[in-house]
>>> print(open('coords_35.tsv').read())   # TSV, C-alpha atoms
chain	number	residue	atom	x	y	z
G	1	MET	CA	21.55	9.38	-61.62
G	2	LYS	CA	23.87	11.57	-63.64
G	3	LYS	CA	27.57	11.03	-63.15
G	4	ASN	CA	29.85	14.02	-63.64
G	5	TRP	CA	33.54	14.51	-64.11
G	6	ILE	CA	35.19	16.35	-61.27
G	7	SER	CA	37.43	18.92	-62.91
G	8	SER	CA	36.48	22.59	-62.62
G	9	ILE	CA	37.07	26.06	-64.09
G	10	LEU	CA	39.44	28.48	-62.37
G	11	VAL	CA	37.12	31.45	-62.70
G	12	SER	CA	34.70	29.65	-60.40
G	13	ILE	CA	36.98	29.54	-57.40
G	14	ALA	CA	37.70	33.14	-56.44
G	15	LEU	CA	35.59	32.72	-53.32
G	16	ILE	CA	37.31	29.46	-52.55
G	17	VAL	CA	40.80	30.96	-52.80
G	18	LEU	CA	39.82	33.61	-50.28
G	19	THR	CA	38.40	30.94	-48.00
G	20	VAL	CA	41.64	28.95	-48.15
G	21	TRP	CA	43.71	32.08	-47.44
G	22	GLY	CA	41.52	32.94	-44.49
G	23	GLY	CA	41.77	29.40	-43.19
G	24	LEU	CA	45.56	29.42	-43.43
G	25	MET	CA	45.77	32.71	-41.54
G	26	LEU	CA	43.47	31.36	-38.84
G	27	ARG	CA	45.45	28.12	-38.65
G	28	GLU	CA	48.65	30.09	-38.04
G	29	GLU	CA	47.01	32.20	-35.33
G	30	ILE	CA	45.57	29.17	-33.54
G	31	GLN	CA	48.81	27.23	-33.70
G	32	GLN	CA	50.61	30.15	-32.07
G	33	ASN	CA	48.22	30.20	-29.13
G	34	VAL	CA	46.95	26.66	-28.67
G	35	ARG	CA	48.94	23.50	-28.08
G	36	GLU	CA	47.72	20.99	-30.64
G	37	GLU	CA	46.70	17.58	-29.32
G	38	PRO	CA	46.68	14.29	-31.25
G	39	SER	CA	44.09	14.12	-34.01
G	40	TYR	CA	41.82	11.71	-32.19
G	41	LEU	CA	40.80	13.19	-28.84
G	42	ILE	CA	40.93	10.47	-26.24
G	43	SER	CA	38.21	9.68	-23.72
G	44	ASN	CA	39.21	10.09	-20.09
G	45	GLN	CA	37.67	6.67	-19.49
G	46	LEU	CA	40.42	4.84	-21.41
G	47	ASP	CA	43.39	3.50	-19.44
G	48	SER	CA	46.90	4.84	-20.03
G	49	SER	CA	48.01	2.01	-22.33
G	50	GLN	CA	44.94	2.46	-24.54
G	51	ARG	CA	45.44	6.21	-24.63
G	52	ASN	CA	49.12	5.87	-25.56
G	53	PHE	CA	48.32	3.38	-28.32
G	54	ILE	CA	45.65	5.60	-29.88
G	55	GLU	CA	47.82	8.71	-29.58
G	56	GLN	CA	50.71	6.98	-31.36
G	57	LEU	CA	48.35	5.64	-34.01
G	58	SER	CA	47.04	9.16	-34.58
G	59	LEU	CA	50.51	10.65	-34.86
G	60	ASN	CA	51.66	7.96	-37.30
G	61	ARG	CA	48.56	8.51	-39.43
G	62	GLU	CA	49.05	12.28	-39.45
G	63	GLU	CA	52.67	11.91	-40.54
G	64	ALA	CA	51.77	9.46	-43.29
G	65	LEU	CA	48.99	11.72	-44.54
G	66	PHE	CA	51.24	14.78	-44.55
G	67	GLU	CA	53.80	12.89	-46.62
G	68	ALA	CA	51.09	11.75	-49.04
G	69	GLN	CA	49.79	15.30	-49.47
G	70	GLN	CA	53.24	16.46	-50.60
G	71	LYS	CA	52.97	14.07	-53.55
G	72	VAL	CA	49.60	15.31	-54.82
G	73	ILE	CA	49.62	17.89	-57.62
G	74	GLN	CA	47.14	20.53	-58.78
G	75	ILE	CA	46.85	20.82	-62.57
G	76	GLU	CA	45.77	23.89	-64.55
G	77	THR	CA	45.18	23.81	-68.30
G	78	PRO	CA	45.57	26.66	-70.83
G	79	ILE	CA	41.78	27.08	-71.02
G	80	GLY	CA	41.51	27.53	-67.26
G	81	SER	CA	40.20	24.17	-66.05
G	82	ILE	CA	41.61	22.63	-62.91
G	83	GLY	CA	42.20	19.07	-61.78
G	84	SER	CA	44.50	16.93	-59.69
G	85	GLY	CA	47.23	14.36	-60.15
G	86	PHE	CA	49.91	12.56	-58.18
G	87	ILE	CA	53.62	11.82	-58.49
G	88	TYR	CA	53.93	8.34	-59.97
G	89	ASN	CA	57.68	7.73	-60.07
G	90	THR	CA	61.03	9.35	-59.31
G	91	GLU	CA	61.44	10.38	-62.96
G	92	GLY	CA	58.84	13.16	-62.75
G	93	ALA	CA	55.79	11.34	-64.14
G	94	VAL	CA	52.41	12.58	-62.88
G	95	VAL	CA	49.23	10.54	-63.36
G	96	THR	CA	45.85	12.21	-63.88
G	97	ASN	CA	42.59	11.83	-65.83
G	98	ALA	CA	42.43	12.20	-69.60
G	99	HIS	CA	39.46	14.56	-69.31
G	100	VAL	CA	41.57	16.92	-67.17
G	101	VAL	CA	44.21	17.47	-69.88
G	102	ALA	CA	42.26	16.71	-73.08
G	103	ASN	CA	43.46	18.84	-76.04
G	104	ALA	CA	46.37	20.24	-74.01
G	105	SER	CA	49.97	19.38	-74.83
G	106	GLU	CA	51.30	21.46	-71.94
G	107	VAL	CA	49.79	22.23	-68.54
G	108	THR	CA	50.80	24.01	-65.36
G	109	VAL	CA	51.33	21.87	-62.28
G	110	ILE	CA	51.32	23.28	-58.76
G	111	THR	CA	52.98	21.36	-55.96
G	112	ALA	CA	52.05	21.30	-52.28
G	113	ASP	CA	54.62	24.03	-51.58
G	114	SER	CA	53.02	26.24	-54.29
G	115	ALA	CA	55.84	25.82	-56.82
G	116	ARG	CA	54.59	26.09	-60.42
G	117	TYR	CA	56.09	24.07	-63.26
G	118	THR	CA	55.27	23.24	-66.86
G	119	GLY	CA	54.17	19.69	-67.51
G	120	ILE	CA	54.21	17.92	-70.89
G	121	VAL	CA	51.42	15.46	-71.68
G	122	ILE	CA	53.23	12.29	-72.80
G	123	GLY	CA	50.31	9.88	-72.84
G	124	ILE	CA	46.53	10.06	-73.00
G	125	SER	CA	43.85	7.51	-73.82
G	126	GLU	CA	40.88	8.12	-76.08
G	127	THR	CA	38.77	5.48	-74.31
G	128	GLU	CA	40.14	5.12	-70.78
G	129	ASP	CA	40.10	8.23	-68.61
G	130	ILE	CA	43.82	8.26	-67.83
G	131	ALA	CA	46.79	10.41	-68.85
G	132	VAL	CA	50.43	10.95	-67.90
G	133	ILE	CA	52.27	14.26	-67.60
G	134	GLN	CA	56.06	14.59	-67.51
G	135	VAL	CA	57.42	17.27	-65.16
G	136	ASP	CA	61.21	17.36	-65.26
G	137	GLU	CA	61.43	19.52	-62.14
G	138	LEU	CA	59.83	16.71	-60.14
G	139	GLN	CA	62.59	14.23	-60.96
G	140	GLY	CA	64.01	12.80	-57.76
G	141	LYS	CA	60.82	13.47	-55.80
G	142	GLU	CA	59.42	10.56	-53.82
G	143	PRO	CA	56.26	9.15	-55.45
G	144	LEU	CA	53.15	7.77	-53.80
G	145	GLU	CA	53.27	4.03	-53.25
G	146	LEU	CA	50.85	1.88	-55.24
G	147	GLU	CA	48.70	-0.89	-53.78
G	148	LEU	CA	49.33	-3.64	-56.34
G	149	ASN	CA	48.91	-6.80	-54.28
G	150	ARG	CA	45.31	-6.35	-53.22
G	151	GLU	CA	42.16	-5.13	-54.94
G	152	ALA	CA	39.72	-2.85	-53.15
G	153	GLN	CA	36.99	-4.55	-51.15
G	154	VAL	CA	33.63	-3.27	-49.93
G	155	LEU	CA	33.99	-1.51	-46.55
G	156	ASP	CA	37.67	-0.69	-47.11
G	157	GLN	CA	38.38	2.71	-45.54
G	158	VAL	CA	39.69	5.21	-48.09
G	159	LEU	CA	40.98	8.78	-48.41
G	160	ALA	CA	40.42	10.97	-51.47
G	161	LEU	CA	43.12	13.60	-52.06
G	162	GLY	CA	43.02	16.48	-54.51
G	163	SER	CA	41.93	20.06	-55.13
G	164	PRO	CA	38.12	20.09	-55.01
G	165	LEU	CA	36.79	23.54	-55.93
G	166	GLY	CA	40.38	24.80	-55.69
G	167	PHE	CA	40.98	23.68	-52.08
G	168	GLN	CA	44.47	22.35	-52.72
G	169	ASN	CA	45.61	19.35	-50.66
G	170	THR	CA	42.14	18.56	-49.38
G	171	VAL	CA	41.57	15.14	-47.80
G	172	THR	CA	38.16	13.53	-47.41
G	173	ALA	CA	37.46	10.18	-45.78
G	174	GLY	CA	34.98	7.44	-46.67
G	175	GLU	CA	34.71	3.79	-47.56
G	176	ILE	CA	34.38	1.57	-50.60
G	177	ASN	CA	30.69	0.73	-50.96
G	178	GLY	CA	30.69	-0.84	-54.41
G	179	ILE	CA	33.07	-2.55	-56.83
G	180	ASN	CA	33.04	-3.62	-60.48
G	181	ARG	CA	30.83	-0.71	-61.55
G	182	SER	CA	30.60	0.09	-65.28
G	183	PHE	CA	29.29	3.17	-67.11
G	184	THR	CA	30.16	5.58	-69.92
G	185	ILE	CA	30.79	9.33	-69.92
G	186	GLU	CA	31.55	10.09	-73.56
G	187	PRO	CA	34.09	9.53	-74.91
G	188	PHE	CA	35.41	7.42	-72.04
G	189	ILE	CA	34.35	3.93	-70.99
G	190	TYR	CA	34.63	3.06	-67.31
G	191	GLU	CA	34.82	-0.62	-66.38
G	192	ASN	CA	35.58	-2.42	-63.11
G	193	ILE	CA	35.26	0.91	-61.29
G	194	ASP	CA	35.34	1.28	-57.49
G	195	GLN	CA	32.53	3.27	-55.88
G	196	PHE	CA	33.20	5.12	-52.62
G	197	THR	CA	31.60	7.53	-50.15
G	198	ALA	CA	34.39	10.07	-49.53
G	199	ALA	CA	33.15	13.52	-50.53
G	200	ILE	CA	34.61	14.74	-53.82
G	201	SER	CA	33.81	17.76	-55.95
G	202	PRO	CA	34.96	19.52	-59.15
G	203	GLY	CA	38.77	19.68	-59.07
G	204	ASN	CA	39.27	16.20	-57.56
G	205	SER	CA	39.60	14.61	-61.01
G	206	GLY	CA	42.89	12.73	-61.37
G	207	GLY	CA	43.70	12.76	-57.67
G	208	PRO	CA	44.59	9.54	-55.84
G	209	LEU	CA	42.31	7.35	-53.78
G	210	LEU	CA	44.31	5.88	-50.90
G	211	ASN	CA	43.70	2.89	-48.70
G	212	SER	CA	43.65	4.63	-45.31
G	213	ASP	CA	45.36	1.69	-43.59
G	214	THR	CA	48.35	1.45	-45.93
G	215	MET	CA	48.34	5.00	-47.39
G	216	LYS	CA	48.93	3.44	-50.81
G	217	VAL	CA	47.18	4.40	-54.05
G	218	ILE	CA	44.35	2.07	-54.99
G	219	GLY	CA	42.74	4.23	-57.67
G	220	ILE	CA	42.41	7.45	-59.67
G	221	ASN	CA	39.39	9.58	-58.73
G	222	SER	CA	37.47	10.22	-61.93
G	223	ALA	CA	33.74	10.89	-61.53
G	224	GLU	CA	31.07	11.77	-59.01
G	225	GLU	CA	27.36	11.26	-58.50
G	226	PRO	CA	26.60	14.32	-56.35
G	227	GLU	CA	22.95	13.49	-55.68
G	228	GLN	CA	24.07	10.30	-53.92
G	229	ASN	CA	27.33	11.66	-52.45
G	230	LEU	CA	29.28	8.99	-54.35
G	231	GLY	CA	32.64	9.02	-56.08
G	232	TYR	CA	34.14	6.67	-58.65
G	233	SER	CA	37.76	5.63	-58.98
G	234	ILE	CA	39.67	3.73	-61.68
G	235	PRO	CA	41.66	0.90	-60.02
G	236	ILE	CA	45.38	1.57	-60.38
G	237	THR	CA	46.03	-2.11	-61.10
G	238	ASP	CA	43.88	-1.89	-64.25
G	239	VAL	CA	45.86	0.95	-65.84
G	240	LYS	CA	49.41	0.54	-64.54
G	241	ASP	CA	50.63	-1.27	-67.67
G	242	GLN	CA	49.35	1.51	-69.94
G	243	ILE	CA	50.90	4.18	-67.72
G	244	ASP	CA	54.26	2.41	-67.75
G	245	GLU	CA	54.09	2.04	-71.54
G	246	TRP	CA	53.65	5.79	-72.04
G	247	ILE	CA	56.49	6.55	-69.64
G	248	ALA	CA	58.81	4.17	-71.50
G	249	SER	CA	57.68	5.40	-74.93
G	250	PRO	CA	55.91	8.81	-74.90
G	251	MET	CA	53.26	9.43	-77.54
G	252	GLN	CA	54.58	11.41	-80.50
G	253	GLU	CA	51.15	12.76	-81.42
G	254	LEU	CA	48.27	13.35	-79.04
G	255	PRO	CA	44.66	12.62	-80.04
G	256	SER	CA	42.13	15.40	-80.50
G	257	PHE	CA	38.93	15.43	-78.47
G	258	GLU	CA	36.20	17.22	-80.42
G	259	ASN	CA	33.98	17.69	-77.35
G	260	TYR	CA	36.73	19.81	-75.81
G	261	ALA	CA	37.09	22.38	-78.57
G	262	ASP	CA	36.47	25.25	-76.17
G	263	GLN	CA	36.56	23.85	-72.66
G	264	PRO	CA	35.77	20.65	-70.72
G	265	GLN	CA	32.08	19.85	-70.63
G	266	ASP	CA	31.93	20.09	-66.85
G	267	ALA	CA	33.92	23.33	-66.54
G	268	VAL	CA	31.06	25.32	-65.08
G	269	VAL	CA	30.70	27.74	-62.21
G	270	PRO	CA	29.52	25.82	-59.12
G	271	THR	CA	26.13	26.93	-57.84
G	272	LEU	CA	25.75	28.40	-54.37
G	273	GLU	CA	24.15	25.13	-53.27
G	274	GLU	CA	27.09	23.10	-54.62
G	275	GLN	CA	29.60	25.28	-52.81
G	276	ALA	CA	27.62	25.07	-49.56
G	277	LEU	CA	27.28	21.29	-49.80
G	278	TYR	CA	31.01	21.03	-50.26
G	279	ILE	CA	31.71	23.27	-47.24
G	280	ALA	CA	29.49	21.00	-45.10
G	281	GLN	CA	31.22	17.88	-46.43
G	282	TYR	CA	34.64	19.45	-45.93
G	283	TYR	CA	33.75	20.36	-42.34
G	284	LEU	CA	32.66	16.82	-41.47
G	285	SER	CA	35.65	15.23	-43.21
G	286	SER	CA	38.00	17.54	-41.30
G	287	ILE	CA	36.38	16.45	-38.03
G	288	GLU	CA	36.61	12.79	-39.06
G	289	PHE	CA	40.32	13.14	-39.68
G	290	GLY	CA	40.93	15.12	-36.51
G	291	ASP	CA	41.81	18.35	-38.34
G	292	TYR	CA	39.93	20.64	-35.96
G	293	VAL	CA	41.85	23.74	-37.05
G	294	THR	CA	40.51	23.46	-40.60
G	295	ALA	CA	37.00	22.67	-39.35
G	296	TYR	CA	37.07	25.70	-37.03
G	297	SER	CA	38.30	27.93	-39.86
G	298	LEU	CA	35.11	27.15	-41.79
G	299	LEU	CA	32.95	28.75	-39.08
G	300	GLY	CA	31.74	32.32	-39.50
G	301	ALA	CA	33.06	35.22	-37.42
G	302	ASP	CA	30.04	35.40	-35.10
G	303	TYR	CA	30.15	31.65	-34.57
G	304	GLN	CA	33.83	31.85	-33.62
G	305	ASN	CA	33.20	34.81	-31.32
G	306	GLU	CA	30.62	32.74	-29.45
G	307	THR	CA	32.72	29.56	-29.37
G	308	SER	CA	36.44	29.45	-28.58
G	309	PHE	CA	38.66	26.97	-30.39
G	310	ASN	CA	39.25	24.94	-27.22
G	311	THR	CA	35.52	24.75	-26.51
G	312	PHE	CA	34.88	23.73	-30.11
G	313	LYS	CA	37.53	21.02	-30.02
G	314	ASP	CA	36.40	19.72	-26.64
G	315	GLU	CA	33.02	18.82	-28.16
G	316	PHE	CA	34.70	15.92	-29.96
G	317	ARG	CA	36.56	14.53	-26.96
G	318	ASN	CA	34.79	11.17	-27.09
G	319	LEU	CA	34.29	11.01	-30.85
G	320	LEU	CA	35.61	7.91	-32.62
G	321	SER	CA	34.24	8.56	-36.11
G	322	ILE	CA	31.80	10.74	-38.00
G	323	SER	CA	30.50	10.22	-41.53
G	324	LEU	CA	28.04	11.88	-43.88
G	325	LYS	CA	25.22	9.63	-45.07
G	326	SER	CA	23.14	12.08	-47.13
G	327	SER	CA	22.75	15.80	-47.68
G	328	GLU	CA	20.75	18.39	-49.59
G	329	GLY	CA	21.11	22.13	-50.00
G	330	ILE	CA	18.31	24.70	-50.23
G	331	ALA	CA	19.08	28.31	-51.18
G	332	ILE	CA	17.17	30.87	-49.09
G	333	SER	CA	17.70	34.60	-49.70
G	334	GLY	CA	21.38	34.34	-50.58
G	335	GLU	CA	22.12	31.76	-47.89
G	336	VAL	CA	22.06	27.98	-48.16
G	337	GLU	CA	20.57	25.62	-45.63
G	338	VAL	CA	22.25	22.22	-45.81
G	339	ARG	CA	20.37	19.37	-44.19
G	340	ALA	CA	22.42	16.25	-43.61
G	341	THR	CA	22.14	12.84	-42.02
G	342	VAL	CA	25.32	12.06	-40.12
G	343	GLU	CA	26.46	8.91	-38.35
G	344	LYS	CA	28.60	9.37	-35.25
G	345	GLU	CA	30.43	6.75	-33.21
G	346	GLU	CA	31.29	7.89	-29.70
G	347	ILE	CA	32.50	6.54	-26.37
G	348	VAL	CA	29.55	6.58	-23.97
G	349	SER	CA	30.00	5.19	-20.44
G	350	GLY	CA	33.12	3.40	-21.58
G	351	LYS	CA	31.45	1.75	-24.57
G	352	SER	CA	31.31	2.54	-28.27
G	353	GLU	CA	27.91	3.64	-29.58
G	354	LYS	CA	26.79	4.52	-33.10
G	355	LYS	CA	23.87	6.88	-33.69
G	356	LEU	CA	22.36	8.84	-36.57
G	357	TYR	CA	21.96	12.60	-36.24
G	358	SER	CA	20.13	15.23	-38.25
G	359	TYR	CA	22.45	18.18	-38.96
G	360	ARG	CA	21.38	21.61	-40.17
G	361	PHE	CA	24.06	23.95	-41.52
G	362	LEU	CA	23.33	27.55	-42.47
G	363	ILE	CA	26.08	28.60	-44.89
G	364	THR	CA	26.52	32.08	-46.30
G	365	ASP	CA	28.99	34.34	-48.05
G	366	GLU	CA	30.97	36.30	-45.47
G	367	ASN	CA	33.28	38.94	-46.95
G	368	GLY	CA	33.81	36.86	-50.07
G	369	GLN	CA	34.21	33.56	-48.21
G	370	MET	CA	31.73	30.72	-47.78
G	371	LYS	CA	31.30	30.21	-44.02
G	372	ILE	CA	29.13	28.19	-41.65
G	373	LYS	CA	26.95	30.81	-39.99
G	374	ARG	CA	25.06	28.40	-37.78
G	375	LEU	CA	25.15	24.67	-37.05
G	376	GLU	CA	22.54	22.66	-35.19
G	377	TYR	CA	22.04	18.94	-34.79
G	378	GLN	CA	19.92	16.45	-32.91
G	379	GLU	CA	19.53	12.70	-32.73
G	380	ALA	CA	17.59	11.46	-35.74
G	381	GLU	CA	14.10	10.17	-35.09
>>> encode(input="coords_35.tsv", output="structure tokens")
Amino acid sequence: MKKNWISSILVSIALIVLTVWGGLMLREEIQQNVREEPSYLISNQLDSSQRNFIEQLSLNREEALFEAQQKVIQIETPIGSIGSGFIYNTEGAVVTNAHVVANASEVTVITADSARYTGIVIGISETEDIAVIQVDELQGKEPLELELNREAQVLDQVLALGSPLGFQNTVTAGEINGINRSFTIEPFIYENIDQFTAAISPGNSGGPLLNSDTMKVIGINSAEEPEQNLGYSIPITDVKDQIDEWIASPMQELPSFENYADQPQDAVVPTLEEQALYIAQYYLSSIEFGDYVTAYSLLGADYQNETSFNTFKDEFRNLLSISLKSSEGIAISGEVEVRATVEKEEIVSGKSEKKLYSYRFLITDENGQMKIKRLEYQEAE
């Protein structure tokens, strides 16, 4: 299977920007009219102590995630490619992938509050896909914590943060399903790489992979295998020494990458199928993390007219988890049908049950925004 970098070109995300704007407007409207409940909707069959525990756990997780999102940066290069990074220390250092900033000495960084600053590339490897950017305006900002005392293990729950397809501050959830992977994407060599299932797309490159229990950085998201819905992350413990060396002694001359003479190799316009697959993944990840406002904002106008927000949210009252196992997109007359296998864990008669479901999304362009026109699902045979 072909592995791809996950940076993207700005010209490809006009539709995405409109989608984000529409989602933000909808979020504001909903929040003005609906009292938000904890992220994980609690079954009426749980006793009060169980409900209180889960509610507090949800609130703590939401707060920790919000704080983490403030420390994730969007990166734009002079040739128009886009990637992600994260605040590494209180001195203004931002860590990202080398392929995001290759052949650029200066880049634009965009913070979670939409502030734009100039960043100076102070370190970049010709063989490892890592780089460091210095942003003086970020001095004094709290960095993300690093997980240095424990290596990732299979089945660890993780969160991928970044700007896939221009969706700034997007969070997707998954798990580690492979470790010690090795491969090459010229000119970089990837060794001891962690493989995970959280959905990532172009623009995620350089963003952090967090352990969802500790909210600490365990890796740098660097590549994807879209056919298998897999992502690959460089363990932070493997590159910390090199990062610290560049911070202490910035490179005086940056290397030239011949393959990047014009633009990154993967800086291409996403196909309609790729955009639709991402919308489906983004929808399911939003549900998994209890962000029902974002999930609802991805529905088309007719869908929303037929289903109120409260009715939509109530559907997940007994949901414990939901995860994407596989998906494929088929373009049909300007629309895309996404067929997905989804695993759901729910409370049924007071007990937890896991089942596989077949989902069918119909995704289309609606006034310049990719929206879910119709969604159907049934228990898999």
>>> residues_near_point(input="coords_35.tsv", point="(34.0, 12.2, -46.3)", cutoff="6 Å", atoms="only C-alpha atoms", output="PyMOL selection string")
chain G and resi 172-174+198-199+285
>>> atom_distance(input="coords_35.tsv", atom1="CA of Gln153 (chain G)", atom2="CA of Ile279 (chain G)")
28.6 Å
>>> residues_near_point(input="coords_35.tsv", point="(22.0, 33.0, -50.8)", cutoff="10 Å", atoms="only C-alpha atoms", output="list in words")
Leu272, Glu273, Ala276, Ile330, Ala331, Ile332, Ser333, Gly334, Glu335, Val336, Glu337, Ile363, Thr364 and Asp365 of chain G
>>> atom_distance(input="coords_35.tsv", atom1="CA of Gly207 (chain G)", atom2="CA of Ile287 (chain G)")
21.3 Å
>>> atom_distance(input="coords_35.tsv", atom1="CA of Val293 (chain G)", atom2="CA of Lys313 (chain G)")
8.7 Å
>>> residues_around(input="coords_35.tsv", residues="Val338 (chain G)", least_positions_apart="2", cutoff="6 Å", atoms="only C-alpha atoms", output="PDB file with C-alpha atoms, in the coordinates of the input")
ATOM      1  CA  GLU G 328      20.750  18.390 -49.590  1.00  0.00           C
ATOM      2  CA  GLY G 329      21.110  22.130 -50.000  1.00  0.00           C
ATOM      3  CA  ARG G 360      21.380  21.610 -40.170  1.00  0.00           C
ATOM      4  CA  PHE G 361      24.060  23.950 -41.520  1.00  0.00           C
TER       5      PHE G 361
END
>>> residues_around(input="coords_35.tsv", residues="region 97-101 of chain G", least_positions_apart="6", cutoff="7 Å", atoms="all atoms listed in the file", output="MDAnalysis selection string")
chainID G and resid 7 77 83 124:125 129:131 205:206 222
>>> write_last_selection(input="coords_35.tsv", atoms="C-alpha atoms", output="mmCIF file, in the coordinates of the input")
data_model
loop_
_atom_site.group_PDB
_atom_site.id
_atom_site.type_symbol
_atom_site.label_atom_id
_atom_site.label_comp_id
_atom_site.auth_asym_id
_atom_site.auth_seq_id
_atom_site.Cartn_x
_atom_site.Cartn_y
_atom_site.Cartn_z
ATOM 1 C CA SER G 7 37.430 18.920 -62.910
ATOM 2 C CA THR G 77 45.180 23.810 -68.300
ATOM 3 C CA GLY G 83 42.200 19.070 -61.780
ATOM 4 C CA ILE G 124 46.530 10.060 -73.000
ATOM 5 C CA SER G 125 43.850 7.510 -73.820
ATOM 6 C CA ASP G 129 40.100 8.230 -68.610
ATOM 7 C CA ILE G 130 43.820 8.260 -67.830
ATOM 8 C CA ALA G 131 46.790 10.410 -68.850
ATOM 9 C CA SER G 205 39.600 14.610 -61.010
ATOM 10 C CA GLY G 206 42.890 12.730 -61.370
ATOM 11 C CA SER G 222 37.470 10.220 -61.930
#
